[in-house]
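S.K.: Okay, so here is model-v6.cif, and as you'll see once you scroll down, it has mmCIF, C-alpha atoms.
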```cif
data_target
loop_
_atom_site.label_atom_id
_atom_site.label_comp_id
_atom_site.auth_asym_id
_atom_site.auth_seq_id
_atom_site.Cartn_x
_atom_site.Cartn_y
_atom_site.Cartn_z
CA MET A 1374 -22.75 5.26 30.53
CA PRO A 1375 -24.79 3.00 28.28
CA LEU A 1376 -24.74 -0.76 28.68
CA SER A 1377 -22.75 -1.29 25.46
CA ALA A 1378 -19.82 0.68 26.89
CA TYR A 1379 -19.42 -1.80 29.73
CA LEU A 1380 -19.88 -4.73 27.35
CA ILE A 1381 -17.18 -3.37 25.03
CA MET A 1382 -14.90 -3.02 28.07
CA SER A 1383 -15.64 -6.62 29.00
CA ALA A 1384 -14.93 -7.75 25.42
CA ILE A 1385 -11.60 -5.91 25.36
CA LEU A 1386 -10.45 -7.43 28.65
CA PHE A 1387 -11.59 -10.89 27.55
CA THR A 1388 -9.64 -10.55 24.30
CA ILE A 1389 -6.50 -9.41 26.11
CA GLY A 1390 -6.81 -12.45 28.36
CA SER A 1391 -7.27 -14.81 25.41
CA ILE A 1392 -4.23 -13.35 23.62
CA GLY A 1393 -2.28 -14.00 26.81
CA VAL A 1394 -3.39 -17.64 26.84
CA LEU A 1395 -2.41 -18.10 23.18
CA ALA A 1396 0.88 -16.23 23.10
CA ARG A 1397 2.67 -16.96 26.38
CA ARG A 1398 4.55 -20.09 27.40
CA ASN A 1399 4.85 -19.62 31.14
CA PRO A 1400 1.85 -21.48 32.65
CA LEU A 1401 1.61 -19.00 35.51
CA ILE A 1402 1.01 -16.15 33.07
CA ILE A 1403 -1.45 -18.33 31.12
CA PHE A 1404 -3.29 -18.90 34.40
CA MET A 1405 -3.31 -15.16 35.11
CA SER A 1406 -4.76 -14.54 31.65
CA ILE A 1407 -7.52 -17.04 32.42
CA GLU A 1408 -8.26 -15.08 35.61
CA LEU A 1409 -8.41 -11.92 33.49
CA MET A 1410 -11.00 -13.59 31.25
CA LEU A 1411 -13.05 -14.57 34.29
CA ASN A 1412 -12.96 -11.00 35.53
CA ALA A 1413 -14.07 -9.69 32.15
CA VAL A 1414 -17.10 -11.97 32.33
CA ASN A 1415 -17.75 -10.75 35.88
CA LEU A 1416 -17.82 -7.19 34.57
CA ALA A 1417 -20.41 -8.16 31.96
CA PHE A 1418 -22.52 -9.87 34.65
CA VAL A 1419 -22.44 -6.84 36.94
CA ALA A 1420 -23.24 -4.50 34.05
CA PHE A 1421 -26.29 -6.57 33.14
CA SER A 1422 -27.30 -6.74 36.80
CA SER A 1423 -27.26 -2.96 36.96
CA PHE A 1424 -29.09 -2.37 33.69
CA LEU A 1425 -31.70 -5.11 34.13
CA ASP A 1426 -32.32 -3.96 37.71
CA SER A 1427 -31.94 -7.51 39.02
CA ALA A 1428 -29.67 -9.08 41.60
CA ASP A 1429 -29.12 -12.26 39.59
CA GLY A 1430 -26.00 -10.92 37.87
CA GLN A 1431 -24.34 -10.18 41.20
CA MET A 1432 -25.24 -13.64 42.44
CA PHE A 1433 -23.52 -15.17 39.43
CA VAL A 1434 -20.45 -13.02 40.10
CA PHE A 1435 -20.38 -14.30 43.68
CA ILE A 1436 -20.44 -17.91 42.48
CA VAL A 1437 -17.84 -17.24 39.74
CA LEU A 1438 -15.56 -15.65 42.34
CA THR A 1439 -15.77 -18.74 44.54
CA VAL A 1440 -15.20 -21.11 41.63
CA ALA A 1441 -12.20 -19.03 40.50
CA ALA A 1442 -10.68 -19.24 43.97
CA ALA A 1443 -11.05 -23.03 44.06
CA GLU A 1444 -9.67 -23.31 40.52
CA VAL A 1445 -6.61 -21.20 41.37
CA VAL A 1446 -5.86 -23.37 44.39
CA VAL A 1447 -5.97 -26.65 42.46
CA GLY A 1448 -4.30 -25.24 39.32
CA LEU A 1449 -1.36 -23.81 41.22
CA ALA A 1450 -0.97 -27.09 43.13
CA ILE A 1451 -0.77 -28.89 39.76
CA ILE A 1452 1.83 -26.43 38.43
CA VAL A 1453 3.94 -26.75 41.57
CA SER A 1454 3.86 -30.56 41.42
CA ILE A 1455 4.85 -30.49 37.73
CA PHE A 1456 7.74 -28.21 38.65
CA ARG A 1457 8.79 -30.60 41.42
CA THR A 1458 9.15 -33.54 39.05
CA ARG A 1459 10.50 -31.82 35.93
CA ARG A 1460 12.17 -28.62 37.23
CA ASN A 1461 10.78 -26.86 34.15
CA ILE A 1462 7.31 -25.42 33.55
CA ASP A 1463 7.48 -24.30 29.93
CA VAL A 1464 4.22 -25.50 28.32
CA ASP A 1465 5.98 -26.19 25.01
CA GLU A 1466 8.06 -28.85 26.80
CA MET A 1467 5.01 -30.57 28.31
CA ASN A 1468 4.49 -33.02 25.49
CA VAL A 1469 4.59 -36.43 27.22
CA LEU A 1470 2.00 -37.70 29.63
CA ARG A 1471 4.18 -39.71 31.98
CA GLY A 1472 6.49 -37.89 34.36
CA MET B 1305 -18.92 15.16 29.76
CA THR B 1306 -20.33 14.32 33.13
CA ALA B 1307 -18.15 13.14 35.98
CA THR B 1308 -19.41 9.57 35.48
CA GLN B 1309 -18.27 9.53 31.86
CA ILE B 1310 -14.87 10.98 32.70
CA ALA B 1311 -14.44 8.39 35.46
CA PHE B 1312 -15.47 5.60 33.08
CA PHE B 1313 -12.96 6.63 30.40
CA VAL B 1314 -10.12 7.03 32.87
CA LEU B 1315 -10.88 3.61 34.37
CA ALA B 1316 -11.22 2.06 30.90
CA VAL B 1317 -7.84 3.33 29.71
CA ALA B 1318 -6.13 2.39 32.98
CA SER B 1319 -7.59 -1.12 33.18
CA THR B 1320 -6.78 -1.82 29.50
CA ALA B 1321 -3.19 -0.67 30.07
CA SER B 1322 -2.72 -2.85 33.14
CA ALA B 1323 -4.38 -5.81 31.38
CA ILE B 1324 -1.91 -5.45 28.51
CA GLY B 1325 0.78 -5.31 31.19
CA VAL B 1326 -0.37 -8.72 32.46
CA ILE B 1327 0.31 -10.41 29.12
CA ALA B 1328 3.29 -8.31 28.02
CA PHE B 1329 5.75 -8.37 30.90
CA LYS B 1330 8.54 -10.91 30.70
CA ASN B 1331 8.89 -11.01 34.48
CA ALA B 1332 6.03 -13.03 36.00
CA VAL B 1333 6.05 -10.97 39.21
CA TYR B 1334 5.36 -7.81 37.20
CA SER B 1335 2.49 -9.64 35.48
CA ALA B 1336 1.00 -10.60 38.83
CA LEU B 1337 1.25 -7.03 40.10
CA SER B 1338 -0.38 -5.76 36.91
CA LEU B 1339 -3.20 -8.23 37.43
CA ILE B 1340 -3.72 -6.93 40.97
CA LEU B 1341 -3.96 -3.42 39.53
CA THR B 1342 -6.47 -4.60 36.92
CA LEU B 1343 -8.58 -6.22 39.64
CA LEU B 1344 -8.62 -2.98 41.63
CA PHE B 1345 -9.74 -1.01 38.56
CA LEU B 1346 -12.47 -3.56 37.97
CA ALA B 1347 -13.60 -3.11 41.58
CA MET B 1348 -13.99 0.59 40.81
CA PHE B 1349 -16.11 -0.36 37.77
CA TYR B 1350 -18.33 -2.39 40.07
CA LEU B 1351 -18.69 0.58 42.42
CA GLN B 1352 -19.73 2.73 39.49
CA LEU B 1353 -22.38 0.14 38.59
CA GLY B 1354 -23.76 0.08 42.12
CA ALA B 1355 -22.55 -3.39 43.12
CA MET B 1356 -21.09 -2.44 46.47
CA PHE B 1357 -20.72 -5.89 48.00
CA ILE B 1358 -19.16 -7.38 44.86
CA ALA B 1359 -16.64 -4.52 44.71
CA ILE B 1360 -15.50 -5.06 48.29
CA VAL B 1361 -15.43 -8.85 47.89
CA GLN B 1362 -13.37 -8.42 44.71
CA ILE B 1363 -10.74 -6.45 46.61
CA LEU B 1364 -10.78 -8.73 49.66
CA ILE B 1365 -10.89 -12.12 47.97
CA TYR B 1366 -9.54 -11.70 44.45
CA ALA B 1367 -6.85 -9.08 44.96
CA GLY B 1368 -6.23 -9.93 48.58
CA ALA B 1369 -6.26 -13.72 48.73
CA ILE B 1370 -6.13 -15.25 45.25
CA MET B 1371 -3.41 -12.95 43.96
CA VAL B 1372 -1.36 -13.39 47.12
CA LEU B 1373 -1.50 -17.15 46.47
CA PHE B 1374 -0.38 -16.47 42.90
CA LEU B 1375 2.51 -14.36 44.10
CA PHE B 1376 3.65 -17.10 46.49
CA VAL B 1377 3.88 -19.58 43.61
CA VAL B 1378 5.32 -17.05 41.16
CA THR B 1379 8.13 -16.01 43.48
CA MET B 1380 8.82 -19.69 44.20
CA LEU B 1381 9.00 -20.69 40.52
CA ALA B 1382 9.95 -17.47 38.69
CA PRO B 1383 13.76 -17.58 38.73
CA GLU B 1384 13.91 -21.07 37.24
CA ALA B 1385 11.09 -20.59 34.76
CA GLY B 1386 11.80 -17.08 33.52
CA GLY B 1387 14.78 -17.99 31.37
CA THR B 1388 12.90 -20.28 29.02
CA GLU B 1389 10.98 -17.56 27.23
CA GLU B 1390 14.03 -16.61 25.16
CA GLN B 1391 14.28 -19.75 23.02
CA ASP B 1392 11.05 -19.28 21.12
CA ARG B 1393 10.48 -22.21 18.81
CA MET B 1394 7.31 -20.77 17.30
CA PRO B 1395 7.91 -17.03 16.78
CA TRP B 1396 4.79 -16.76 14.63
CA GLN B 1397 2.65 -17.86 17.59
CA ARG B 1398 2.48 -14.39 19.07
CA ILE B 1399 1.42 -12.78 15.78
CA VAL B 1400 -1.26 -15.38 15.08
CA GLY B 1401 -2.54 -15.03 18.65
CA SER B 1402 -2.77 -11.25 18.33
CA VAL B 1403 -4.56 -11.48 14.97
CA LEU B 1404 -7.07 -13.95 16.36
CA GLY B 1405 -7.55 -11.76 19.42
CA LEU B 1406 -8.24 -8.70 17.26
CA THR B 1407 -10.74 -10.76 15.27
CA LEU B 1408 -12.45 -11.72 18.53
CA VAL B 1409 -12.72 -8.16 19.82
CA GLY B 1410 -13.87 -6.93 16.40
CA ALA B 1411 -16.61 -9.54 16.21
CA LEU B 1412 -17.77 -8.87 19.78
CA SER B 1413 -17.77 -5.09 19.25
CA TYR B 1414 -19.75 -5.49 16.03
CA LEU B 1415 -22.33 -7.63 17.79
CA ILE B 1416 -22.57 -5.21 20.70
CA PHE B 1417 -22.88 -2.10 18.54
CA THR B 1418 -25.49 -3.52 16.18
CA GLY B 1419 -27.59 -4.36 19.21
CA THR B 1420 -27.64 -8.12 18.84
CA ILE B 1421 -26.44 -8.69 22.38
CA ALA B 1422 -27.91 -5.80 24.30
CA SER B 1423 -31.21 -5.35 22.51
CA GLY B 1424 -34.38 -6.27 24.32
CA THR B 1425 -32.84 -5.79 27.76
CA LYS B 1426 -35.77 -4.58 29.77
CA ALA B 1427 -35.97 -4.42 33.52
CA ASP B 1428 -38.41 -6.79 35.16
CA PRO B 1429 -40.27 -4.75 37.77
CA ALA B 1430 -41.20 -7.81 39.81
CA ASN B 1431 -37.85 -8.42 41.57
CA SER B 1432 -36.43 -4.99 41.12
CA LEU B 1433 -33.02 -4.57 42.70
CA SER B 1434 -33.12 -0.78 42.94
CA ALA B 1435 -36.41 -0.91 44.85
CA MET B 1436 -34.90 -3.38 47.30
CA VAL B 1437 -31.77 -1.25 47.66
CA ALA B 1438 -33.86 1.87 48.28
CA LYS B 1439 -35.91 0.07 50.91
CA GLN B 1440 -33.25 -1.97 52.72
CA GLY B 1441 -29.78 -0.82 51.68
CA ASP B 1442 -27.12 -2.31 49.43
CA ILE B 1443 -25.77 -5.16 51.56
CA GLN B 1444 -29.21 -6.18 52.81
CA ALA B 1445 -30.52 -6.35 49.25
CA PHE B 1446 -27.59 -8.53 48.22
CA GLY B 1447 -28.06 -10.76 51.24
CA LEU B 1448 -31.80 -11.15 50.64
CA ALA B 1449 -31.20 -12.08 47.00
CA LEU B 1450 -28.45 -14.54 47.94
CA PHE B 1451 -30.31 -16.37 50.68
CA HIS B 1452 -33.79 -16.26 49.14
CA GLY B 1453 -33.05 -17.25 45.56
CA PHE B 1454 -29.52 -18.66 45.57
CA LEU B 1455 -29.32 -20.61 48.81
CA PHE B 1456 -28.62 -23.98 47.19
CA PRO B 1457 -25.75 -22.72 44.99
CA PHE B 1458 -24.32 -21.00 48.05
CA GLU B 1459 -24.24 -24.29 49.96
CA VAL B 1460 -22.82 -26.15 46.97
CA THR B 1461 -19.93 -23.67 46.77
CA SER B 1462 -18.98 -24.59 50.32
CA LEU B 1463 -18.72 -28.20 49.13
CA LEU B 1464 -16.62 -26.98 46.20
CA ILE B 1465 -14.21 -25.25 48.57
CA VAL B 1466 -13.80 -28.45 50.60
CA VAL B 1467 -13.01 -30.35 47.39
CA ALA B 1468 -10.43 -27.70 46.41
CA ILE B 1469 -8.74 -27.95 49.81
CA LEU B 1470 -8.59 -31.74 49.52
CA GLY B 1471 -7.10 -31.41 46.03
CA ALA B 1472 -4.41 -29.03 47.23
CA LEU B 1473 -3.58 -31.33 50.15
CA ILE B 1474 -3.22 -34.34 47.87
CA PHE B 1475 -1.06 -32.47 45.36
CA GLY B 1476 1.07 -31.07 48.13
CA ARG B 1477 2.07 -34.38 49.66
CA ARG B 1478 5.61 -35.59 49.21
CA ALA B 1479 5.55 -38.14 46.41
#
```
Could you render the structure from this file as structure tokens?

M.R.:
Amino acid sequence: MPLSAYLIMSAILFTIGSIGVLARRNPLIIFMSIELMLNAVNLAFVAFSSFLDSADGQMFVFIVLTVAAAEVVVGLAIIVSIFRTRRNIDVDEMNVLRG
Amino acid sequence: MTATQIAFFVLAVASTASAIGVIAFKNAVYSALSLILTLLFLAMFYLQLGAMFIAIVQILIYAGAIMVLFLFVVTMLAPEAGGTEEQDRMPWQRIVGSVLGLTLVGALSYLIFTGTIASGTKADPANSLSAMVAKQGDIQAFGLALFHGFLFPFEVTSLLIVVAILGALIFGRRA
């Protein structure tokens, strides 16, 4: 398969993730859409690594994977603590800064 | 149609369908399960591209650890949070989001097909990955690249993980 096929696949997954971020109100699903965007970028990195015959793309994917894991941990901790204080996690209701 | 092309198209259709399932399901648990399916299909893409270690790490870490963490939080919060999606104060938000998303994918596809993004991609024979894989094997080639060129980022990610653990501990304390 040519390189552009994998890049189109990455673009489609990235767009589906961005539509999820824009159109959903449950922050857990927004977070999952962000993870989908990260995975789409990982696919583009691995495709370039294969077609440029270099290991740098896979190294970037390794680092992105680690950063995504750390981000999920902290992000979910934030969502859980918001739920503890407000009992509601709808992002449309999160319009004041103090708890 | 070679077997590789058939496999690519099957994987493409399946991963697009499960990705749409992530954003379309009302139930957050179904969304999380769809995301796990999408991650597994992406691991098969990585196998097709020859990134063996990344494919296995994707299944072990992403689908096996990160998504399990997601499912813990989703099953803890889902019953209370699922009922709020009915009162939609901005019903045009979904349409505008979809239109903007279609604009994004159209622009990216145009750039990819006219060769702006993928033109001039030539392999550099100096640090050739396929030569290293042929000489040493897949995992050894990945390990050599990681610890010869990317040792400092590797150590910094361990620091990042410590910071993430501290953040989770602080957020998890009883206020």

S.K.: Residues near Phe1433 (chain A), anyone? I mean within 10 Å using only C-alpha atoms, not counting same-chain ones fewer than 6 positions away, as a short mmCIF file (atom, residue, chain, number, x, y, z; two decimals) with C-alpha atoms, in the coordinates of the input.

M.R.:
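The resulting part-v2.cif:
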```cif
data_model
loop_
_atom_site.label_atom_id
_atom_site.label_comp_id
_atom_site.auth_asym_id
_atom_site.auth_seq_id
_atom_site.Cartn_x
_atom_site.Cartn_y
_atom_site.Cartn_z
CA ASN A 1415 -17.75 -10.75 35.88
CA PHE A 1418 -22.52 -9.87 34.65
CA VAL A 1419 -22.44 -6.84 36.94
CA SER A 1422 -27.30 -6.74 36.80
CA THR A 1439 -15.77 -18.74 44.54
CA LEU B 1450 -28.45 -14.54 47.94
CA PHE B 1454 -29.52 -18.66 45.57
CA PRO B 1457 -25.75 -22.72 44.99
#
```

S.K.: Find the residues in chain A near chain B: any atom within 8 Å counts, using only C-alpha atoms. Write them as a ChimeraX atom specification.

M.R.: /A:1374,1376-1377,1380-1382,1384-1386,1388-1393,1395-1399,1401-1402,1405-1406,1409,1412,1416,1419-1420,1423-1429,1431-1432,1434-1436,1438-1440,1442-1447,1449-1451,1453-1454,1456,1460-1463

S.K.: In Å, with one decimal, what is the gap from CA of Ile1407 (chain A) to CA of Val1394 (chain A)?

M.R.: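 Between these atoms lies a distance of 7.0 Å.
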
S.K.: So that all listed atoms of region 1402-1417 of chain A fit with 3 Å spare on each side, what axis-aligned box centre and edge lengths in Å, to one decimal, would you give as JSON?

M.R.:
```
{"center_x": -9.7, "center_y": -13.0, "center_z": 33.5, "size_x": 27.4, "size_y": 17.7, "size_z": 10.8}
```

S.K.: Work out how far CA of Ala1413 (chain A) is from CA of Ala1307 (chain B), in Å to one decimal.

M.R.: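 According to the coordinates, CA of Ala1307 (chain B) and CA of Ala1413 (chain A) are separated by 23.5 Å.
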
S.K.: What separation in Å, quoted to one decimal, exists between CA of Ile1452 (chain A) and CA of Val1372 (chain B)?

M.R.: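 CA of Ile1452 (chain A) sits 16.0 Å away from CA of Val1372 (chain B).
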
S.K.: Which residue is closest to Met1467 (chain A)? Choose from A:Ala1417, A:Pro1400, A:Gly1430, A:Ala1441 and count all atoms listed in the file.

M.R.: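 The closest residue to Met1467 (chain A) is A:Pro1400.
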